Structure formats: structure tokens, C-alpha cells
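Reviewing the structure listed below.
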Amino acid sequence: MAGGGQLRVYLGAAPGVGKTYAMLAEGRRLRAGGLDVVVGLVETYGRRGTQEQLGDLPVIPRRTVHYRGTVLTELDVDALLARRPALALVDELAHTNVPGSRNTKRWQDVWELLGAGIDVATTLNIQHLESLNDVVEQITGIVQREQIPDAVARAADRIELVDLSPEALRTRMAQGEIYQSDRIDVALDNYFRAGNLGALRELALLWLADRVEEELADYRARHGIRAPWETKERIVVALNGAPQGEHLIRRGARTAARVHGDLIGVHVRLDDGTLQPEPPALTAQRALLRELHGSYVEISGTDAAQTLVDFARTESATQILLGPTSRSRLRELLTGSVINRVIRLAGPIDIRILPPPGPDRIALPKAPRRRRPAHVSARRSRAGLLLGPTGAVALAAALSPLRSSLGLSGALLFLLLLVAGIAGIGGPAPAAATTLVAALAADYFFTTPWHSLVVRHGADLASLVVFLCVAAIISHLIDALTRRSQEAARARAEAYALARLAGETIRGEGRTLRSLLAELRRVFGLDAAGILAPTGKGWHPVASSGGPLPARPEDAPFAAELDQGTVLVLVGPAIDEENTRLLGPFVTQLRLAEEHERLTREAAAAQSLARTDALHTTLLEAVAHDLRGPLAAIRTAARRLRSADADGLPGAERGDCAETIAAETDRLNHSVANLLDLSRLRAGRVPVALHPTAVGEALAAAIASLPGAAAEIVVGPTADLPPVEADLGLLEGALANVLANAQEWSPPGAAVRVDAGAVADRVDIRIIDRGPGIPPDERQRLFQPQPGAAARYGRRETGMGLGLVVAKGFVEAMHGELSVEDTPAGGATFIFSLRRAGH
């Protein structure tokens, strides 16, 4: 730092994690060691722990500033410069000074101190960093006005993260260790939500990790260290514009996601003086890299392998992913292999060479037909027919100058070797053609008279006949060996397929019909495989892989009946006898999969029926409770009125009885209204008219509908909230039901609090009570009632047993969500989450 001063920053994810406490503790430790430490400015906010940690540290008096009739205090930079301590403790680096101060920002004051050679320790929250401002706003829904450039924080000589888990921070907040009691609920329900704190904590860790990476790179550069240090996985994917590049990118992205590493796609453009067009596939590959959160780099060089390895070293890459070469073997022989050069140059960097993605269909090896030659591909057969006869003539001609030393028998041995090779390449037919041509060529070049097909000597004729016989025998033996090899390959493939099916059955890993059909199509090399089920008008596909499927089983090349009238249909190469034997286990597995899916559907239906029965039971309990109380009160009041003449009740008591009957009648009306609303919800006949709705208006109407409730409900500010997409009547009813529930369960004297805030594209309304809270298991069952659940939500005297179920239905009808969580300081918090209007 200029002037010799060093900057220490205590970084936190949120207020209250203990940054100031940690700074003061370090200051006390250094002062105890003899260092001149003073407090330039510290904000304790009345926190007891921070005040105690301040202790006897010397404090520089603050500078007073008069602004618009108010006396404010700021850091006294001049006093610190005059005092010239070894270390100054200055809180809140991102603070904005009062207008008219020497510097606009406190970090500029700190810069002056550093320039004067004074070390400074300061505090900073992650949300004040300029580069993260928009991310923090997206997470918390709050715009941070006070910001500092990232370069200021990154210039610090030492950054220490003061970390605290979201749960621990919320507990501190609930215990009043951070804010005053009147601000706790608002903070916990807005900025200090567990999800917000977790996201801010991750932001702080990631930002600090990037800073550590910069320091590490600077250290390696200063010390001339070129070998990569595997502090973080960085995967470099080499892209040459070939179509398999997308396969490489996806594999690299999966690996990077597993190890939380970086993905970098690199294209090396050869700098050979020629204008090279960009491969068409690169555009799509760049887009795919962006989609998978990777980066793309294009570099130039005269040597592709050296350039790629140099880039990987510069980026401290730990892996390089390469695809198969697209060069021909001849070109590799002439110019060398790029892959081999990368492997030689890479040193400690891991090199992974990925094969091209496999074909969609991998058919079983064809079984050789009985009493037929072994199967040979048409390409090999054509090659044998071309090379065999031509090679025989060429070989005989090449050997003819040696006829005096070789003789006919020696030439026939060379030709026999050629026949054996052709038999292995192209099969019996090319071998037979080669044998015939070889015999004629031997006669032409090695029997007298020369260069004619006439054979004058019986010994030569016998040699040619023996050659034909031996060549035929060798061709037959080679064909038999080829048949055995093909049979073995077929047997291995069948055993592998059967072992996979058996293994999944033994492990109890039931496969879906679709996955089994896909496996069946791959094994047999089919165009399509599917299951058809009969309907009143024909057939419809239950599951399929590939396509198109025939409309009827009769139209398919192969069909096999499964269970309950369904039929397996296969489209593609004919299923021969060998394939039929292997097809049996697949059909068995398909039948088992069908049975499994049928049982799963029945179990789901039974579970749904059980939930419905439980709901009906719960509703009956709630209805019985909601109706029993008002009816009992009405009956008691009616009896008293009926016996008024006999008992001589005064007029005041008669009036009380009448008021009781009226109030209980209202409760009955409310219960009946809830029942009607519930029946409409169950029937899907709730009319919903979504319009931009003011949250404050809906809350006011809901509170007004609860007699005597207004004094017990405290509503936070709602004027600045954006409108929500809602039906005012439904929202009012839902809020009224939940407010009444919260009011009853709060202890005497404790108010129900309502807070609301905008979060991203929605608005959350939180209704907080201070009651006994909800156990976790009961919270999970809150809106999935079980028998007896009304004991918690139905034992009310205000007819609210059905209220929560109705409220949830109303909110969901408006495409919102109603959930519940524990209040950290005790109680339950109901959360209405509604879409913002226009989103």
C-alpha cells in the first residue's frame, strides 16, 4: 500500500456476524503486545458484547458535523493523522460521509491514513461490494445504497472472513443480541431469512476464494512456478469444430459440476498465414458453453499441441479433454499426431481422450447361420474379391524371375499364403476366386511352355491339383474358425445382456417400460419398439422407444402378447430364431415392469384414498367442533330466555342472552361460509378474478372483518409495497382466517405481527404469532390433514377449524403459496407468497 500503511479487512456475509467484535479483539491483542492501537471510529449499536470488547482501548473523539439542523459525527481524519498510531480501528468501510465532509466515502478517509503510513483495520459486509450489488438485490429484494469498488477491498493486505452459520445468526437475532426487540421480527422475516443468509454466505466465500486465487497466481508468477497447483479443478476442453465437440463439453461440464471446478473451452486457430473459415459447429459449442456456465477462449499458434498445453499451464488447468482425431492415418504418419504431442508436453496435467458418442443402436453380433459360411461384411467381401485375384496375378508375376530357384512348388506355397489371408479377410467366396486365379497364374508363369496355360508335365498338373485341394481345405478351416469366433462373440453379448437383466432383478431395481424398450431396441438394432394397449376404437401406445410404431400389432414385423391384452411390437430387422431365444427374458422383464407399474398406480390410488379419508375425518372433526360450541351457547341462552318469566331475569340479563345468541349465530354463519367455500374449492368452482391488488387494502379489510381484533394486530409498513396479482375478496378471506388463528394462539398481551416485503418477483406477507409454536412433524402435516389434526387447528371458539384449509385453497387458487414455519423467538409464522403484478 502506498506510504507503507497496511489494510486489514474483516469481511462478513451480513450484519451481526461479529466483524466489529473480531476487529476489537485483534486490536486488544496487539495492544497487549505493545503496539500503539487506537479506535478511530466504532459503531457498537448498543450491543453488550461489542461494548465490553471495546474496553479500555483509547478512542479518538469523533468530528461533529452540522447538517440540516442536526448534529452528526464522523471519523476525525486530522486527529488520527496528528496522533499517528501504529494501527487505527475504523468501522464500516462502506459508510457514506455527511455531505460537506472532506471525502465522500469513509474508504477515502482510510486511504489517506494508509498513505500517511498508518495501518488500518476495518469492517465490511459483502453486500456493499459494487460487483455484487445486483446479485444481493436479487437475493434480498433490497437495494444497497452504500457501495465501494471491489478494487478497494481487493487491495487489502489481509482479508479475514468472519463466518457464522445462518441458524446461529438467526438465533443471535432472536435473542436480541443484534437489533432492538421492536426490529427483530421484521429483520427475521425479511433480510435475515435463512435462505438469504445462506446465499450471502456463499457469495462471501466465493468472492474470497477468487481473491485467494489471484494471490496464488501472483505468488507463482513472482517465484517462476510454471507447474500447475491443483488448488481448484480447471478442465480445459479442446475444440476443433468437429461435431463431437458438444459431447466433450457436456462430459467436461458434468465433471466440473461434480468437483465444483471451472470449465474452459479452447479453440486453437493455426497461425500459418492462410485465412481459415470458422468451423460451423463452433457457434453452437460457444452457446452450449455459456449455457453450462463455462467460458470460451480462442487462441492462435503455429503448433496446436504446444499452444494448447501452454494455455492450460497459464490457467493452472488440471485436466485437458481431447476428442478422437479426425486426421487420416496417412496424414498422421506424415505430420504426426496432435494427441500424442499433447500427452508428451502436458507433464503433470491429466489428459483424457474421450471416444465419440456411441450410436443410438448397438445390435447384437449376427449369429452365423447353420451350414452356411461365416458372416462377412459386404465391404470386406468386396475387398477380398478385388485384392485376391489381383494380388495372385501380381504375386506370381513378381516371383516369375525366380522360377529357376523357386520352381512351381515354391511359388504355390507363396500363393497358398495369399489364399489364406484372403480367406480371413473376405471369406470363402473371395478365397475360392483367389485360388482359381492363383492356379492359373502359377500355370502361366511357372510351367512349361512359359506364358501359356498348357501343362505338359504330369508332375506340374499334380502340384496344381494338390494346391487347389489344400487351398480349399485351408479356406474351410479359416471359415470354421471365423464361425466359432462369431458364435463366441454372440454368446458373450447375450450373456452380458442377460446378466444385466438378472442383476437388476436380483437387486430389486425395477426398470420402467420406456427404459426396457430402449435397451431392447439397442440390443437388437431395431428402428422402434413399443407396447400397444387395446381401446374401444383400436390401439394406443403405452410406452415406446424410437418410431414410428405401427397402428396395429398385425402391421408390425414382430409382435408378442404381454399381460392384460397389451402387445409388444418391434420394427426393424427380422427377429430370427437366435434372437427369439434372447427375446424371451426381455418379454418377461416387460411383463414384470407392467405389473410393477400397475401395482404402483394402485398403491398411489390407495394412498390418495387414504389421504381423502383422513381429510374427510379431519373435516368432520372440525365441523363438529365448530358447530358444537355456537349451538351449545345458543341453546343455553335460549333456555334462559324461555325461563325468564319464571326466574324473573332483569332486562340487562335478557339483553346479554340476546347478544350471545346474535354473536353465536354470526359464528355459525362464519362456519357455514367456510363450509360452502370448502365445498366450492373441492369442486373447483371458486371464481377467481386476478387484478393488481394493494396488500395494505387487503390487510385492512381482513382486520376489519375480525371484531375486536384490530387492537391485537400490529401491521408493518405496506405503502411502498408493489401490488400483487390477486382476487381481493379471496385474499381478504384467506388473511382473515389466518389472522384469527394467529390471534387466538398468541398469549394474552402479545400482539400478532404482520410484515410484508417484496422478494424478486413475488411479495411475501408474514403473519407471526407468539404462541406455543408448531412441532416439525405437525408443521409438515399442516395442510395434509390426518385424523385428529383438528385437535391443534380446530379447538377454537371462533369457528376457524376449517379456516386454514380454506385459506390455503384460496391462495392456491390465486397461483400463490401458503406455508408455515417456526418463529425463532417462539410461535408460528404463516407466509403468504403471491406474485407481483406484471410478473
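Chains: A, B, ... in order of the C-alpha cells. Residues: from 1 per chain. Ligands: from 1, in order shown.
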
Check your understanding: Got a sec: who's within 12 Å of Gly117 of chain A, counting only C-alpha atoms, leaving out chain neighbours fewer than 6 positions off, as a list in words?
Key ->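 The residues that qualify are Met1, Ala2, Gly3, Gly4, Gly5, Gln6, Leu7, Leu80, Leu81, Arg84, Pro85, Ala86, Leu87, Ala88, Val110 and Trp111 of chain A.
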
Output file for the residues above (C-alpha atoms, as a CSV table (one decimal), in the first residue's frame):
```
chain,number,residue,atom,x,y,z
A,1,MET,CA,0.0,0.0,0.0
A,2,ALA,CA,1.3,3.5,-0.8
A,3,GLY,CA,3.1,5.1,2.1
A,4,GLY,CA,3.7,1.8,3.8
A,5,GLY,CA,0.3,1.5,5.6
A,6,GLN,CA,-1.3,-1.9,5.6
A,7,LEU,CA,-5.1,-2.5,5.3
A,80,LEU,CA,-5.7,10.4,13.6
A,81,LEU,CA,-3.0,11.9,11.3
A,84,ARG,CA,-0.1,8.8,14.1
A,85,PRO,CA,-0.9,5.4,15.8
A,86,ALA,CA,0.6,2.2,14.6
A,87,LEU,CA,-2.9,0.8,14.0
A,88,ALA,CA,-6.2,2.6,13.7
A,110,VAL,CA,-9.0,5.3,5.2
A,111,TRP,CA,-6.9,5.7,2.1
```

Exercise for review: Write out as a PyMOL selection string the residues lying within 10 Å of Glu519 of chain A, counting only C-alpha atoms and excluding same-chain residues fewer than 2 positions away.
Suggested key: chain A and resi 361-362+497+513-517+521-525+529+545+586

Those same residues - N, CA and C atoms - I'd like them written as a PDB file, in the first residue's frame.
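Writing the result to selection_7.pdb gives the following:
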```pdb
ATOM      1  N   ARG A 361     -28.106 -47.157 -31.770  1.00  0.00           N
ATOM      2  CA  ARG A 361     -28.449 -48.571 -31.768  1.00  0.00           C
ATOM      3  C   ARG A 361     -27.170 -49.395 -31.798  1.00  0.00           C
ATOM      4  N   ILE A 362     -27.062 -50.354 -30.919  1.00  0.00           N
ATOM      5  CA  ILE A 362     -25.924 -51.265 -30.884  1.00  0.00           C
ATOM      6  C   ILE A 362     -26.494 -52.677 -30.973  1.00  0.00           C
ATOM      7  N   ALA A 497     -26.102 -59.198 -21.841  1.00  0.00           N
ATOM      8  CA  ALA A 497     -27.465 -58.648 -21.785  1.00  0.00           C
ATOM      9  C   ALA A 497     -28.294 -59.359 -20.725  1.00  0.00           C
ATOM     10  N   LEU A 513     -40.907 -49.186 -18.231  1.00  0.00           N
ATOM     11  CA  LEU A 513     -41.166 -49.760 -19.549  1.00  0.00           C
ATOM     12  C   LEU A 513     -40.359 -49.038 -20.619  1.00  0.00           C
ATOM     13  N   ARG A 514     -40.273 -47.734 -20.519  1.00  0.00           N
ATOM     14  CA  ARG A 514     -39.561 -46.976 -21.544  1.00  0.00           C
ATOM     15  C   ARG A 514     -38.080 -47.356 -21.579  1.00  0.00           C
ATOM     16  N   SER A 515     -37.443 -47.484 -20.396  1.00  0.00           N
ATOM     17  CA  SER A 515     -36.020 -47.831 -20.387  1.00  0.00           C
ATOM     18  C   SER A 515     -35.791 -49.250 -20.887  1.00  0.00           C
ATOM     19  N   LEU A 516     -36.692 -50.164 -20.558  1.00  0.00           N
ATOM     20  CA  LEU A 516     -36.561 -51.534 -21.066  1.00  0.00           C
ATOM     21  C   LEU A 516     -36.716 -51.580 -22.584  1.00  0.00           C
ATOM     22  N   LEU A 517     -37.656 -50.816 -23.105  1.00  0.00           N
ATOM     23  CA  LEU A 517     -37.840 -50.778 -24.558  1.00  0.00           C
ATOM     24  C   LEU A 517     -36.623 -50.154 -25.245  1.00  0.00           C
ATOM     25  N   ARG A 521     -34.328 -52.074 -27.937  1.00  0.00           N
ATOM     26  CA  ARG A 521     -34.046 -51.539 -29.273  1.00  0.00           C
ATOM     27  C   ARG A 521     -32.548 -51.481 -29.546  1.00  0.00           C
ATOM     28  N   ARG A 522     -31.770 -51.126 -28.527  1.00  0.00           N
ATOM     29  CA  ARG A 522     -30.317 -51.075 -28.720  1.00  0.00           C
ATOM     30  C   ARG A 522     -29.726 -52.464 -28.936  1.00  0.00           C
ATOM     31  N   VAL A 523     -30.172 -53.430 -28.143  1.00  0.00           N
ATOM     32  CA  VAL A 523     -29.589 -54.773 -28.208  1.00  0.00           C
ATOM     33  C   VAL A 523     -29.858 -55.418 -29.563  1.00  0.00           C
ATOM     34  N   PHE A 524     -31.065 -55.278 -30.075  1.00  0.00           N
ATOM     35  CA  PHE A 524     -31.441 -55.957 -31.308  1.00  0.00           C
ATOM     36  C   PHE A 524     -31.323 -55.063 -32.551  1.00  0.00           C
ATOM     37  N   GLY A 525     -30.856 -53.827 -32.372  1.00  0.00           N
ATOM     38  CA  GLY A 525     -30.679 -52.952 -33.523  1.00  0.00           C
ATOM     39  C   GLY A 525     -31.970 -52.631 -34.228  1.00  0.00           C
ATOM     40  N   ALA A 529     -39.485 -49.853 -30.885  1.00  0.00           N
ATOM     41  CA  ALA A 529     -40.059 -50.879 -30.022  1.00  0.00           C
ATOM     42  C   ALA A 529     -41.104 -50.209 -29.155  1.00  0.00           C
ATOM     43  N   SER A 545     -40.057 -46.597 -27.730  1.00  0.00           N
ATOM     44  CA  SER A 545     -38.706 -46.087 -27.934  1.00  0.00           C
ATOM     45  C   SER A 545     -38.441 -46.115 -29.430  1.00  0.00           C
ATOM     46  N   PHE A 586     -36.381 -60.605 -22.121  1.00  0.00           N
ATOM     47  CA  PHE A 586     -36.844 -59.220 -22.214  1.00  0.00           C
ATOM     48  C   PHE A 586     -38.358 -59.144 -22.077  1.00  0.00           C
TER      49      PHE A 586
END
```

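Reported to one decimal place, the separation of atom CA of Ala411 of chain A from atom CA of Ile478 of chain A is 21.5 Å.
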
Exercise for review: Can you work out which one of A:Thr535, A:Leu731, A:Ser409, A:Ala495 has the shortest atom-to-atom distance to Leu461 of chain A, counting only C-alpha atoms?
Suggested key: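 Of A:Thr535, A:Leu731, A:Ser409, A:Ala495, the one nearest Leu461 of chain A is A:Ser409, counting only C-alpha atoms.
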
With a cut-off of 9 Å, could you pull out the residues of segment 107-131 of chain A touching segment 22-32 of chain A and give me the nearest pair of atoms for each, distance in Å to one decimal, using only C-alpha atoms, ordered by chain and ascending number, as a tab-separated table?
```
residue	atom	partner	partner_atom	distance
A:Ala121	CA	A:Met23	CA	6.9
A:Thr122	CA	A:Met23	CA	7.2
A:Thr123	CA	A:Met23	CA	7.6
```

Saved selection, atoms kept: C-alpha atoms, as a PDB file, in the first residue's frame:
```
ATOM      1  CA  ALA A 121      -8.217  -2.425  10.402  1.00  0.00           C
ATOM      2  CA  THR A 122     -11.783  -2.061   9.167  1.00  0.00           C
ATOM      3  CA  THR A 123     -15.031  -3.974   8.631  1.00  0.00           C
TER       4      THR A 123
END
```

Exercise for review: Choose the residue, out of A:Ala287, A:Val724, A:Val465, A:Ala209, that has the smallest atom-to-atom separation from Glu160 of chain A; count only C-alpha atoms.
Suggested key: A:Ala209
